[in-house]
>>> print(open('protein-v3.pdb').read())   # PDB, C-alpha atoms, pLDDT in the B column
MODEL        1
ATOM      1  CA  MET J  11      27.419  -7.519   1.187  1.00 94.00           C
ATOM      2  CA  LYS J  12      26.933  -4.064  -0.317  1.00 97.00           C
ATOM      3  CA  ILE J  13      24.651  -1.674   1.557  1.00 98.00           C
ATOM      4  CA  LEU J  14      22.874   1.406   0.229  1.00 98.00           C
ATOM      5  CA  VAL J  15      21.679   3.873   2.876  1.00 98.00           C
ATOM      6  CA  ALA J  16      19.245   6.672   2.042  1.00 98.00           C
ATOM      7  CA  VAL J  17      19.430   9.808   4.201  1.00 97.00           C
ATOM      8  CA  LYS J  18      17.457  13.060   4.256  1.00 96.00           C
ATOM      9  CA  ARG J  19      18.293  16.603   5.362  1.00 95.00           C
ATOM     10  CA  VAL J  20      15.640  17.985   7.721  1.00 93.00           C
ATOM     11  CA  VAL J  21      15.246  20.726  10.309  1.00 91.00           C
ATOM     12  CA  ASP J  22      17.326  19.726  13.321  1.00 89.00           C
ATOM     13  CA  HIS J  23      15.237  17.929  15.942  1.00 84.00           C
ATOM     14  CA  ALA J  24      16.335  20.401  18.638  1.00 84.00           C
ATOM     15  CA  VAL J  25      15.052  23.440  16.692  1.00 85.00           C
ATOM     16  CA  ARG J  26      11.589  24.847  17.321  1.00 86.00           C
ATOM     17  CA  VAL J  27       9.757  24.493  14.015  1.00 85.00           C
ATOM     18  CA  ARG J  28       8.200  27.687  12.644  1.00 86.00           C
ATOM     19  CA  VAL J  29       5.600  27.979   9.888  1.00 86.00           C
ATOM     20  CA  ARG J  30       6.162  30.582   7.176  1.00 85.00           C
ATOM     21  CA  PRO J  31       3.909  33.653   7.505  1.00 85.00           C
ATOM     22  CA  ASP J  32       2.126  32.815   4.236  1.00 86.00           C
ATOM     23  CA  GLY J  33       1.374  29.258   5.387  1.00 81.00           C
ATOM     24  CA  SER J  34       3.226  27.735   2.426  1.00 80.00           C
ATOM     25  CA  GLY J  35       5.357  25.436   4.565  1.00 80.00           C
ATOM     26  CA  VAL J  36       7.906  25.216   7.349  1.00 83.00           C
ATOM     27  CA  GLU J  37      10.595  27.885   7.579  1.00 83.00           C
ATOM     28  CA  THR J  38      14.009  26.491   6.602  1.00 83.00           C
ATOM     29  CA  GLU J  39      15.967  29.688   5.831  1.00 83.00           C
ATOM     30  CA  ASN J  40      18.710  30.353   8.391  1.00 83.00           C
ATOM     31  CA  VAL J  41      17.551  27.307  10.370  1.00 86.00           C
ATOM     32  CA  ARG J  42      19.934  24.598  11.618  1.00 90.00           C
ATOM     33  CA  MET J  43      19.520  21.453   9.539  1.00 90.00           C
ATOM     34  CA  SER J  44      20.791  17.927  10.170  1.00 93.00           C
ATOM     35  CA  MET J  45      20.324  14.308   9.164  1.00 95.00           C
ATOM     36  CA  ASN J  46      16.893  12.831   9.807  1.00 95.00           C
ATOM     37  CA  PRO J  47      17.241  11.015  13.174  1.00 95.00           C
ATOM     38  CA  PHE J  48      15.802   7.720  11.901  1.00 96.00           C
ATOM     39  CA  ASP J  49      18.248   7.776   8.974  1.00 97.00           C
ATOM     40  CA  LYS J  50      21.138   8.216  11.385  1.00 97.00           C
ATOM     41  CA  HIS J  51      20.178   4.912  13.015  1.00 97.00           C
ATOM     42  CA  ALA J  52      20.161   3.331   9.540  1.00 97.00           C
ATOM     43  CA  VAL J  53      23.701   4.602   8.891  1.00 98.00           C
ATOM     44  CA  GLU J  54      24.860   3.283  12.266  1.00 97.00           C
ATOM     45  CA  ALA J  55      23.336  -0.131  11.481  1.00 97.00           C
ATOM     46  CA  ALA J  56      25.211  -0.249   8.170  1.00 98.00           C
ATOM     47  CA  VAL J  57      28.513   0.703   9.813  1.00 97.00           C
ATOM     48  CA  GLN J  58      28.043  -1.923  12.521  1.00 97.00           C
ATOM     49  CA  LEU J  59      27.403  -4.581   9.863  1.00 97.00           C
ATOM     50  CA  ALA J  60      30.627  -3.509   8.119  1.00 97.00           C
ATOM     51  CA  GLU J  61      32.585  -3.597  11.379  1.00 96.00           C
ATOM     52  CA  ALA J  62      31.262  -7.115  12.027  1.00 96.00           C
ATOM     53  CA  GLY J  63      32.586  -8.239   8.632  1.00 95.00           C
ATOM     54  CA  HIS J  64      29.177  -8.627   6.993  1.00 96.00           C
ATOM     55  CA  ALA J  65      29.418  -5.637   4.634  1.00 95.00           C
ATOM     56  CA  THR J  66      32.236  -4.615   2.327  1.00 96.00           C
ATOM     57  CA  GLU J  67      30.870  -1.285   1.045  1.00 97.00           C
ATOM     58  CA  ILE J  68      28.419   1.329   2.298  1.00 98.00           C
ATOM     59  CA  VAL J  69      27.040   3.848  -0.194  1.00 98.00           C
ATOM     60  CA  VAL J  70      25.026   6.784   1.145  1.00 98.00           C
ATOM     61  CA  VAL J  71      22.534   8.620  -1.081  1.00 98.00           C
ATOM     62  CA  SER J  72      20.555  11.791  -0.456  1.00 97.00           C
ATOM     63  CA  ILE J  73      18.077  13.678  -2.630  1.00 97.00           C
ATOM     64  CA  GLY J  74      17.741  17.429  -2.410  1.00 93.00           C
ATOM     65  CA  GLN J  75      19.523  20.725  -2.919  1.00 91.00           C
ATOM     66  CA  LYS J  76      23.295  21.123  -2.907  1.00 92.00           C
ATOM     67  CA  GLN J  77      23.289  21.768   0.852  1.00 91.00           C
ATOM     68  CA  SER J  78      22.236  18.145   1.390  1.00 92.00           C
ATOM     69  CA  ASN J  79      25.848  17.092   0.968  1.00 93.00           C
ATOM     70  CA  ASP J  80      26.361  17.964   4.648  1.00 93.00           C
ATOM     71  CA  VAL J  81      24.264  14.981   5.786  1.00 95.00           C
ATOM     72  CA  ILE J  82      26.190  12.744   3.401  1.00 96.00           C
ATOM     73  CA  LEU J  83      29.445  13.996   4.936  1.00 96.00           C
ATOM     74  CA  THR J  84      28.030  13.163   8.369  1.00 95.00           C
ATOM     75  CA  ALA J  85      27.372   9.598   7.200  1.00 96.00           C
ATOM     76  CA  LEU J  86      30.864   9.358   5.687  1.00 97.00           C
ATOM     77  CA  ALA J  87      32.337  10.549   8.983  1.00 96.00           C
ATOM     78  CA  MET J  88      30.378   7.818  10.780  1.00 96.00           C
ATOM     79  CA  GLY J  89      32.020   5.192   8.576  1.00 95.00           C
ATOM     80  CA  ALA J  90      30.278   5.015   5.192  1.00 97.00           C
ATOM     81  CA  HIS J  91      32.620   4.605   2.213  1.00 97.00           C
ATOM     82  CA  ARG J  92      31.204   6.904  -0.471  1.00 96.00           C
ATOM     83  CA  GLY J  93      28.271   9.171  -1.138  1.00 97.00           C
ATOM     84  CA  LEU J  94      25.900  10.231  -3.890  1.00 97.00           C
ATOM     85  CA  LEU J  95      23.887  13.449  -3.927  1.00 97.00           C
ATOM     86  CA  ILE J  96      20.987  13.607  -6.361  1.00 97.00           C
ATOM     87  CA  GLU J  97      20.374  17.317  -6.828  1.00 96.00           C
ATOM     88  CA  ALA J  98      16.717  18.285  -7.043  1.00 94.00           C
ATOM     89  CA  ASP J  99      15.141  21.677  -6.422  1.00 88.00           C
ATOM     90  CA  GLY J 100      11.833  22.095  -4.670  1.00 83.00           C
ATOM     91  CA  ARG J 101       9.722  19.477  -2.941  1.00 85.00           C
ATOM     92  CA  VAL J 102      10.238  15.888  -4.061  1.00 92.00           C
ATOM     93  CA  GLU J 103       7.265  13.721  -3.181  1.00 93.00           C
ATOM     94  CA  THR J 104       7.695  10.290  -1.654  1.00 94.00           C
ATOM     95  CA  LEU J 105       6.826   8.346  -4.810  1.00 95.00           C
ATOM     96  CA  ALA J 106       9.418  10.309  -6.788  1.00 96.00           C
ATOM     97  CA  VAL J 107      11.974   9.653  -4.021  1.00 96.00           C
ATOM     98  CA  ALA J 108      11.226   5.933  -4.214  1.00 97.00           C
ATOM     99  CA  LYS J 109      11.589   5.959  -8.007  1.00 97.00           C
ATOM    100  CA  LEU J 110      14.922   7.793  -7.805  1.00 97.00           C
ATOM    101  CA  LEU J 111      16.153   5.262  -5.248  1.00 98.00           C
ATOM    102  CA  GLU J 112      14.932   2.464  -7.515  1.00 98.00           C
ATOM    103  CA  ALA J 113      17.143   3.876 -10.288  1.00 97.00           C
ATOM    104  CA  VAL J 114      20.111   4.107  -7.909  1.00 97.00           C
ATOM    105  CA  VAL J 115      19.566   0.501  -6.835  1.00 98.00           C
ATOM    106  CA  ALA J 116      19.588  -0.555 -10.508  1.00 97.00           C
ATOM    107  CA  GLU J 117      23.011   1.096 -10.909  1.00 96.00           C
ATOM    108  CA  GLU J 118      24.613   0.199  -7.585  1.00 97.00           C
ATOM    109  CA  LYS J 119      23.103  -3.282  -7.182  1.00 97.00           C
ATOM    110  CA  PRO J 120      23.219  -3.383  -3.370  1.00 98.00           C
ATOM    111  CA  ASP J 121      22.293  -6.449  -1.338  1.00 97.00           C
ATOM    112  CA  LEU J 122      20.575  -4.373   1.340  1.00 98.00           C
ATOM    113  CA  VAL J 123      18.902  -0.954   1.383  1.00 98.00           C
ATOM    114  CA  LEU J 124      18.637   0.735   4.774  1.00 98.00           C
ATOM    115  CA  LEU J 125      16.688   3.907   5.538  1.00 96.00           C
ATOM    116  CA  GLY J 126      14.816   5.483   8.408  1.00 96.00           C
ATOM    117  CA  LYS J 127      11.250   4.356   8.939  1.00 95.00           C
ATOM    118  CA  GLN J 128      10.089   7.957   8.368  1.00 94.00           C
ATOM    119  CA  ALA J 129      11.362  11.514   8.090  1.00 92.00           C
ATOM    120  CA  VAL J 130      10.538  13.877  10.928  1.00 90.00           C
ATOM    121  CA  ASP J 131       9.553  16.699   8.570  1.00 87.00           C
ATOM    122  CA  ASP J 132       6.524  15.016   6.993  1.00 85.00           C
ATOM    123  CA  ASP J 133       6.249  11.714   8.929  1.00 86.00           C
ATOM    124  CA  SER J 134       5.027   9.991   5.764  1.00 89.00           C
ATOM    125  CA  ASN J 135       6.480   6.529   6.493  1.00 92.00           C
ATOM    126  CA  GLN J 136       6.131   5.647   2.802  1.00 95.00           C
ATOM    127  CA  VAL J 137       9.465   5.572   0.953  1.00 96.00           C
ATOM    128  CA  GLY J 138      10.728   2.231   2.279  1.00 96.00           C
ATOM    129  CA  GLN J 139       7.474   0.467   1.491  1.00 97.00           C
ATOM    130  CA  MET J 140       7.154   2.104  -1.941  1.00 97.00           C
ATOM    131  CA  LEU J 141      10.737   1.181  -2.836  1.00 97.00           C
ATOM    132  CA  ALA J 142      10.153  -2.432  -1.799  1.00 97.00           C
ATOM    133  CA  GLY J 143       7.045  -2.486  -3.992  1.00 97.00           C
ATOM    134  CA  LEU J 144       8.841  -1.009  -7.002  1.00 97.00           C
ATOM    135  CA  LEU J 145      11.748  -3.437  -6.665  1.00 98.00           C
ATOM    136  CA  ASP J 146       9.564  -6.397  -5.626  1.00 97.00           C
ATOM    137  CA  TRP J 147      11.970  -7.003  -2.729  1.00 98.00           C
ATOM    138  CA  PRO J 148      11.109  -8.325   0.738  1.00 97.00           C
ATOM    139  CA  GLN J 149      10.926  -5.659   3.427  1.00 96.00           C
ATOM    140  CA  ALA J 150      11.186  -5.420   7.201  1.00 96.00           C
ATOM    141  CA  THR J 151       9.992  -2.103   8.607  1.00 95.00           C
ATOM    142  CA  PHE J 152      10.381  -0.510  12.072  1.00 95.00           C
ATOM    143  CA  ALA J 153      13.522  -2.558  12.775  1.00 96.00           C
ATOM    144  CA  SER J 154      14.845  -2.550  16.349  1.00 96.00           C
ATOM    145  CA  GLU J 155      17.420  -5.333  15.759  1.00 96.00           C
ATOM    146  CA  ILE J 156      19.146  -6.778  12.700  1.00 97.00           C
ATOM    147  CA  LYS J 157      21.031 -10.080  12.605  1.00 96.00           C
ATOM    148  CA  VAL J 158      22.732 -11.697   9.630  1.00 96.00           C
ATOM    149  CA  LEU J 159      21.735 -15.349   9.298  1.00 92.00           C
ATOM    150  CA  GLY J 160      23.119 -17.330   6.383  1.00 88.00           C
ATOM    151  CA  GLN J 161      22.017 -15.692   3.147  1.00 89.00           C
ATOM    152  CA  GLY J 162      19.432 -13.470   4.792  1.00 95.00           C
ATOM    153  CA  LEU J 163      18.521 -11.376   7.800  1.00 97.00           C
ATOM    154  CA  GLU J 164      16.572 -11.848  11.003  1.00 97.00           C
ATOM    155  CA  VAL J 165      14.884  -8.561  11.861  1.00 97.00           C
ATOM    156  CA  THR J 166      13.081  -7.724  15.083  1.00 96.00           C
ATOM    157  CA  ARG J 167      10.290  -5.228  14.423  1.00 93.00           C
ATOM    158  CA  GLU J 168       8.476  -2.778  16.677  1.00 86.00           C
ATOM    159  CA  VAL J 169       4.743  -3.516  16.392  1.00 87.00           C
ATOM    160  CA  ASP J 170       1.603  -2.399  18.251  1.00 87.00           C
ATOM    161  CA  TYR J 171       1.580  -5.416  20.572  1.00 88.00           C
ATOM    162  CA  GLY J 172       5.329  -5.431  21.257  1.00 87.00           C
ATOM    163  CA  ARG J 173       7.934  -7.012  19.008  1.00 90.00           C
ATOM    164  CA  ALA J 174       7.845  -9.454  16.118  1.00 93.00           C
ATOM    165  CA  THR J 175      10.787 -11.275  14.533  1.00 95.00           C
ATOM    166  CA  VAL J 176      10.815 -11.956  10.801  1.00 95.00           C
ATOM    167  CA  ALA J 177      13.297 -13.600   8.441  1.00 96.00           C
ATOM    168  CA  VAL J 178      13.960 -11.924   5.083  1.00 96.00           C
ATOM    169  CA  PRO J 179      16.170 -13.122   2.242  1.00 96.00           C
ATOM    170  CA  LEU J 180      18.556 -10.753   0.499  1.00 96.00           C
ATOM    171  CA  PRO J 181      18.306  -8.436  -1.346  1.00 97.00           C
ATOM    172  CA  ALA J 182      15.919  -6.643   1.001  1.00 97.00           C
ATOM    173  CA  ILE J 183      14.694  -3.296   2.301  1.00 98.00           C
ATOM    174  CA  VAL J 184      14.935  -2.531   6.036  1.00 97.00           C
ATOM    175  CA  THR J 185      13.689   0.649   7.717  1.00 97.00           C
ATOM    176  CA  ALA J 186      15.201   1.673  11.045  1.00 97.00           C
ATOM    177  CA  ASP J 187      13.416   2.523  14.282  1.00 95.00           C
ATOM    178  CA  LEU J 188      15.011   4.546  17.088  1.00 93.00           C
ATOM    179  CA  ARG J 189      15.618   1.463  19.257  1.00 93.00           C
ATOM    180  CA  LEU J 190      17.826  -0.157  16.628  1.00 95.00           C
ATOM    181  CA  ASN J 191      21.058   1.290  18.057  1.00 96.00           C
ATOM    182  CA  THR J 192      22.780   4.371  19.439  1.00 96.00           C
ATOM    183  CA  PRO J 193      24.356   6.358  16.581  1.00 96.00           C
ATOM    184  CA  ARG J 194      27.976   7.305  17.143  1.00 93.00           C
ATOM    185  CA  ASN J 195      29.315  10.848  17.250  1.00 90.00           C
ATOM    186  CA  ALA J 196      32.103  11.067  14.702  1.00 85.00           C
ATOM    187  CA  ALA J 197      35.414  12.303  16.115  1.00 85.00           C
ATOM    188  CA  LEU J 198      37.138  15.259  14.456  1.00 85.00           C
ATOM    189  CA  PRO J 199      39.696  13.063  12.608  1.00 87.00           C
ATOM    190  CA  MET J 200      36.823  11.097  11.035  1.00 88.00           C
ATOM    191  CA  VAL J 201      35.076  14.340  10.051  1.00 89.00           C
ATOM    192  CA  MET J 202      38.234  15.536   8.301  1.00 90.00           C
ATOM    193  CA  LYS J 203      38.745  12.149   6.664  1.00 90.00           C
ATOM    194  CA  ALA J 204      35.161  12.197   5.370  1.00 93.00           C
ATOM    195  CA  ARG J 205      35.979  15.146   3.095  1.00 91.00           C
ATOM    196  CA  SER J 206      38.472  13.007   1.198  1.00 93.00           C
ATOM    197  CA  LYS J 207      35.995  10.197   0.549  1.00 95.00           C
ATOM    198  CA  PRO J 208      34.230   9.999  -2.853  1.00 96.00           C
ATOM    199  CA  LEU J 209      31.048  12.089  -3.071  1.00 96.00           C
ATOM    200  CA  ALA J 210      29.406  12.200  -6.489  1.00 96.00           C
ATOM    201  CA  VAL J 211      26.832  14.850  -7.392  1.00 96.00           C
ATOM    202  CA  ARG J 212      24.330  14.167 -10.167  1.00 96.00           C
ATOM    203  CA  PRO J 213      21.205  16.013 -11.298  1.00 96.00           C
ATOM    204  CA  ALA J 214      17.910  14.235 -10.810  1.00 95.00           C
ATOM    205  CA  ALA J 215      17.301  14.523 -14.565  1.00 94.00           C
ATOM    206  CA  ASP J 216      20.010  11.886 -15.122  1.00 94.00           C
ATOM    207  CA  PHE J 217      17.692   9.216 -13.730  1.00 95.00           C
ATOM    208  CA  GLY J 218      14.714   9.887 -16.002  1.00 93.00           C
ATOM    209  CA  VAL J 219      12.196  10.216 -13.170  1.00 95.00           C
ATOM    210  CA  ASP J 220       9.266  12.615 -13.443  1.00 93.00           C
ATOM    211  CA  LEU J 221       9.430  14.854 -10.362  1.00 93.00           C
ATOM    212  CA  THR J 222       6.226  16.755 -11.136  1.00 91.00           C
ATOM    213  CA  PRO J 223       4.227  17.001  -7.887  1.00 89.00           C
ATOM    214  CA  ARG J 224       1.018  14.981  -7.802  1.00 88.00           C
ATOM    215  CA  LEU J 225      -0.225  16.495  -4.559  1.00 87.00           C
ATOM    216  CA  LYS J 226      -1.155  20.099  -3.874  1.00 86.00           C
ATOM    217  CA  LEU J 227      -0.193  21.588  -0.540  1.00 84.00           C
ATOM    218  CA  GLU J 228      -3.037  23.882   0.445  1.00 86.00           C
ATOM    219  CA  LYS J 229      -1.818  25.311   3.734  1.00 86.00           C
ATOM    220  CA  VAL J 230       0.478  24.603   6.650  1.00 87.00           C
ATOM    221  CA  SER J 231      -0.469  25.927  10.074  1.00 86.00           C
ATOM    222  CA  PRO J 232       0.979  25.465  13.553  1.00 84.00           C
ATOM    223  CA  PRO J 233      -0.976  23.470  16.158  1.00 83.00           C
ATOM    224  CA  PRO J 234      -3.087  25.496  18.611  1.00 85.00           C
ATOM    225  CA  GLU J 235      -1.282  26.736  21.683  1.00 84.00           C
ATOM    226  CA  ARG J 236      -1.760  24.522  24.711  1.00 83.00           C
ATOM    227  CA  THR J 237      -3.639  26.087  27.577  1.00 83.00           C
ATOM    228  CA  ALA J 238      -1.743  26.487  30.832  1.00 84.00           C
ATOM    229  CA  GLY J 239      -2.291  23.852  33.502  1.00 84.00           C
ATOM    230  CA  ARG J 240      -3.271  24.495  37.097  1.00 84.00           C
ATOM    231  CA  ARG J 241      -2.004  23.153  40.393  1.00 88.00           C
ATOM    232  CA  LEU J 242      -4.325  21.357  42.798  1.00 89.00           C
ATOM    233  CA  ALA J 243      -3.440  20.890  46.430  1.00 90.00           C
ATOM    234  CA  THR J 244      -5.252  17.622  47.182  1.00 93.00           C
ATOM    235  CA  THR J 245      -6.583  14.496  45.539  1.00 93.00           C
ATOM    236  CA  ALA J 246     -10.102  15.585  46.417  1.00 93.00           C
ATOM    237  CA  GLU J 247      -9.640  18.793  44.442  1.00 91.00           C
ATOM    238  CA  LEU J 248      -8.330  16.751  41.492  1.00 92.00           C
ATOM    239  CA  VAL J 249     -11.380  14.448  41.555  1.00 94.00           C
ATOM    240  CA  ALA J 250     -13.704  17.444  41.771  1.00 92.00           C
ATOM    241  CA  ALA J 251     -11.955  19.126  38.827  1.00 90.00           C
ATOM    242  CA  ILE J 252     -12.205  15.966  36.699  1.00 92.00           C
ATOM    243  CA  ASN J 253     -15.898  15.566  37.512  1.00 93.00           C
ATOM    244  CA  SER J 254     -16.481  19.211  36.608  1.00 90.00           C
ATOM    245  CA  GLU J 255     -14.737  18.789  33.256  1.00 88.00           C
ATOM    246  CA  LEU J 256     -16.739  15.633  32.517  1.00 92.00           C
ATOM    247  CA  ALA J 257     -19.978  17.387  33.395  1.00 91.00           C
ATOM    248  CA  GLU J 258     -19.130  20.190  30.968  1.00 88.00           C
ATOM    249  CA  LEU J 259     -18.368  17.697  28.195  1.00 87.00           C
ATOM    250  CA  GLU J 260     -21.641  15.842  28.782  1.00 87.00           C
ATOM    251  CA  ALA J 261     -23.557  19.116  28.584  1.00 81.00           C
ATOM    252  CA  LEU J 262     -22.216  19.841  25.089  1.00 72.00           C
TER     253      LEU J 262
ENDMDL
END
>>> encode(input="protein-v3.pdb", output="structure tokens")
Amino acid sequence: MKILVAVKRVVDHAVRVRVRPDGSGVETENVRMSMNPFDKHAVEAAVQLAEAGHATEIVVVSIGQKQSNDVILTALAMGAHRGLLIEADGRVETLAVAKLLEAVVAEEKPDLVLLGKQAVDDDSNQVGQMLAGLLDWPQATFASEIKVLGQGLEVTREVDYGRATVAVPLPAIVTADLRLNTPRNAALPMVMKARSKPLAVRPAADFGVDLTPRLKLEKVSPPPERTAGRRLATTAELVAAINSELAELEAL
């Protein structure tokens, strides 16, 4: 089995996100960046499948500026075999991302495409589904467990009412949820070894995909500051406070 894993470079999850003063987007200059957390679970799933003897090659692809090669190197240090960076300046919308991945799939011909269920920068939750639609492949989203069964997969999905298990034939698209696994921290020798693994860099223009934005971003603003809470000494005071708040709401 050959696995293609798509990863994205985003603001590190431990960094406090700041909006640019002009409201044009989130500040990324001089901000620590890292691999999208959901994508890291997808990489770990691919490596575990390889370690179990189900996969023979793991190819990691990322789309973005030259700096995005750092998340590819992270994936290579975790155990992926080679990487591909598709260089693209500016914002690449989800449909364009899906079309670029479609072109990569046509070249690489993987049996399985793994990616995070969403990216924490825009929370779109669209690329996996769009790619499955473009390729006309079966998909299993929000995966919390993946098992190889015969010529296909059995995927346990996180759904509103709990969990659902589905069977999908290969080739297929699977998007990873946080409960899928615990991503490994690559040891220093693996980090050094990752730099010797193949990492190709190609411009997005090579794939013949129109990257012209179809959506206009009007303004980005931070959420309102939360008001400070207050301490109440007894349950009676809590009940009285709740009743007071309800009375105020009913009066509006």
>>> residues_around(input="protein-v3.pdb", residues="range 208-222 of chain J", least_positions_apart="5", cutoff="8 Å", atoms="all atoms listed in the file", output="short mmCIF file (atom, residue, chain, number, x, y, z; two decimals) with C-alpha atoms, in the coordinates of the input")
data_model
loop_
_atom_site.label_atom_id
_atom_site.label_comp_id
_atom_site.auth_asym_id
_atom_site.auth_seq_id
_atom_site.Cartn_x
_atom_site.Cartn_y
_atom_site.Cartn_z
CA HIS J 91 32.62 4.61 2.21
CA ARG J 92 31.20 6.90 -0.47
CA GLY J 93 28.27 9.17 -1.14
CA LEU J 94 25.90 10.23 -3.89
CA LEU J 95 23.89 13.45 -3.93
CA ILE J 96 20.99 13.61 -6.36
CA GLU J 97 20.37 17.32 -6.83
CA ALA J 98 16.72 18.28 -7.04
CA VAL J 102 10.24 15.89 -4.06
CA GLU J 103 7.26 13.72 -3.18
CA ALA J 106 9.42 10.31 -6.79
CA LYS J 109 11.59 5.96 -8.01
CA LEU J 110 14.92 7.79 -7.80
CA ALA J 113 17.14 3.88 -10.29
#
>>> atom_distance(input="protein-v3.pdb", atom1="CA of Gly138 in chain J", atom2="CA of Thr38 in chain J")
24.9 Å
>>> residues_around(input="protein-v3.pdb", residues="range 157-162 of chain J", least_positions_apart="3", cutoff="12 Å", atoms="all atoms listed in the file", output="MDAnalysis selection string")
chainID J and resid 11 55:56 58:60 62:65 121:122 148:150 153:154 165:167 175:184 190
>>> write_last_selection(input="protein-v3.pdb", atoms="C-alpha atoms", output="CSV table (one decimal), keeping the file's coordinate frame")
chain,number,residue,atom,x,y,z
J,11,MET,CA,27.4,-7.5,1.2
J,55,ALA,CA,23.3,-0.1,11.5
J,56,ALA,CA,25.2,-0.2,8.2
J,58,GLN,CA,28.0,-1.9,12.5
J,59,LEU,CA,27.4,-4.6,9.9
J,60,ALA,CA,30.6,-3.5,8.1
J,62,ALA,CA,31.3,-7.1,12.0
J,63,GLY,CA,32.6,-8.2,8.6
J,64,HIS,CA,29.2,-8.6,7.0
J,65,ALA,CA,29.4,-5.6,4.6
J,121,ASP,CA,22.3,-6.4,-1.3
J,122,LEU,CA,20.6,-4.4,1.3
J,148,PRO,CA,11.1,-8.3,0.7
J,149,GLN,CA,10.9,-5.7,3.4
J,150,ALA,CA,11.2,-5.4,7.2
J,153,ALA,CA,13.5,-2.6,12.8
J,154,SER,CA,14.8,-2.6,16.3
J,165,VAL,CA,14.9,-8.6,11.9
J,166,THR,CA,13.1,-7.7,15.1
J,167,ARG,CA,10.3,-5.2,14.4
J,175,THR,CA,10.8,-11.3,14.5
J,176,VAL,CA,10.8,-12.0,10.8
J,177,ALA,CA,13.3,-13.6,8.4
J,178,VAL,CA,14.0,-11.9,5.1
J,179,PRO,CA,16.2,-13.1,2.2
J,180,LEU,CA,18.6,-10.8,0.5
J,181,PRO,CA,18.3,-8.4,-1.3
J,182,ALA,CA,15.9,-6.6,1.0
J,183,ILE,CA,14.7,-3.3,2.3
J,184,VAL,CA,14.9,-2.5,6.0
J,190,LEU,CA,17.8,-0.2,16.6
>>> atom_distance(input="protein-v3.pdb", atom1="CA of Arg101 in chain J", atom2="CA of Ser34 in chain J")
11.8 Å
>>> residues_near_point(input="protein-v3.pdb", point="(17.4, 23.3, 16.0)", cutoff="12 Å", atoms="all atoms listed in the file", output="list in words")
Val20, Val21, Asp22, His23, Ala24, Val25, Arg26, Val27, Arg28, Glu37, Thr38, Asn40, Val41, Arg42, Met43, Ser44 and Met45 of chain J
>>> atom_distance(input="protein-v3.pdb", atom1="CA of Ser78 in chain J", atom2="CA of Pro233 in chain J")
28.0 Å
>>> residues_around(input="protein-v3.pdb", residues="Met200 in chain J", least_positions_apart="4", cutoff="12 Å", atoms="only C-alpha atoms", output="number ranges by chain")
J: 83-91, 194-196, 204-207
>>> closest_residue(input="protein-v3.pdb", among="J:Val29, J:Ala142, J:Ala16, J:Ala250", to="Asn46 in chain J", atoms="only C-alpha atoms")
J:Ala16
>>> closest_residue(input="protein-v3.pdb", among="J:Ala257, J:Leu188, J:Val53, J:Ile252", to="Val123 in chain J", atoms="only C-alpha atoms")
J:Val53
>>> residues_near_point(input="protein-v3.pdb", point="(21.8, 6.0, 9.4)", cutoff="8 Å", atoms="only C-alpha atoms", output="VMD selection string")
chain J and resid 15 to 17 47 to 56 85 124 to 126 193
>>> residues_around(input="protein-v3.pdb", residues="Ser231 in chain J", least_positions_apart="3", cutoff="10 Å", atoms="all atoms listed in the file", output="list of chain:residue names")
J:Arg28, J:Val29, J:Arg30, J:Pro31, J:Asp32, J:Gly33, J:Ser34, J:Gly35, J:Val36, J:Pro234
>>> residues_around(input="protein-v3.pdb", residues="Pro120 in chain J", least_positions_apart="4", cutoff="7 Å", atoms="all atoms listed in the file", output="JSON list (two decimals) with C-alpha atoms, in the frame of the given file")
[["chain", "number", "residue", "atom", "x", "y", "z"],
["J", 12, "LYS", "CA", 26.93, -4.06, -0.32],
["J", 13, "ILE", "CA", 24.65, -1.67, 1.56],
["J", 14, "LEU", "CA", 22.87, 1.41, 0.23],
["J", 115, "VAL", "CA", 19.57, 0.50, -6.84]]
>>> closest_residue(input="protein-v3.pdb", among="J:Arg173, J:Gln77, J:Glu61, J:Arg189", to="Glu39 in chain J", atoms="only C-alpha atoms")
J:Gln77
>>> decode(input="protein-v3.pdb", residues="range 65-83 of chain J", atoms="C-alpha atoms", output="mmCIF file, in the first residue's frame")
data_model
loop_
_atom_site.group_PDB
_atom_site.id
_atom_site.type_symbol
_atom_site.label_atom_id
_atom_site.label_comp_id
_atom_site.auth_asym_id
_atom_site.auth_seq_id
_atom_site.Cartn_x
_atom_site.Cartn_y
_atom_site.Cartn_z
ATOM 1 C CA ALA J 65 2.249 0.244 3.781
ATOM 2 C CA THR J 66 5.452 0.262 1.770
ATOM 3 C CA GLU J 67 5.791 4.007 1.093
ATOM 4 C CA ILE J 68 4.588 7.204 2.748
ATOM 5 C CA VAL J 69 4.691 10.426 0.731
ATOM 6 C CA VAL J 70 4.011 13.702 2.542
ATOM 7 C CA VAL J 71 2.793 16.771 0.634
ATOM 8 C CA SER J 72 2.318 20.349 1.786
ATOM 9 C CA ILE J 73 1.130 23.449 -0.060
ATOM 10 C CA GLY J 74 2.420 26.878 0.841
ATOM 11 C CA GLN J 75 5.488 29.083 0.992
ATOM 12 C CA LYS J 76 9.041 27.767 1.165
ATOM 13 C CA GLN J 77 8.929 27.756 4.978
ATOM 14 C CA SER J 78 6.370 24.935 4.813
ATOM 15 C CA ASN J 79 9.200 22.475 4.290
ATOM 16 C CA ASP J 80 9.659 22.448 8.079
ATOM 17 C CA VAL J 81 6.378 20.561 8.596
ATOM 18 C CA ILE J 82 7.387 18.104 5.886
ATOM 19 C CA LEU J 83 10.688 17.535 7.702
#
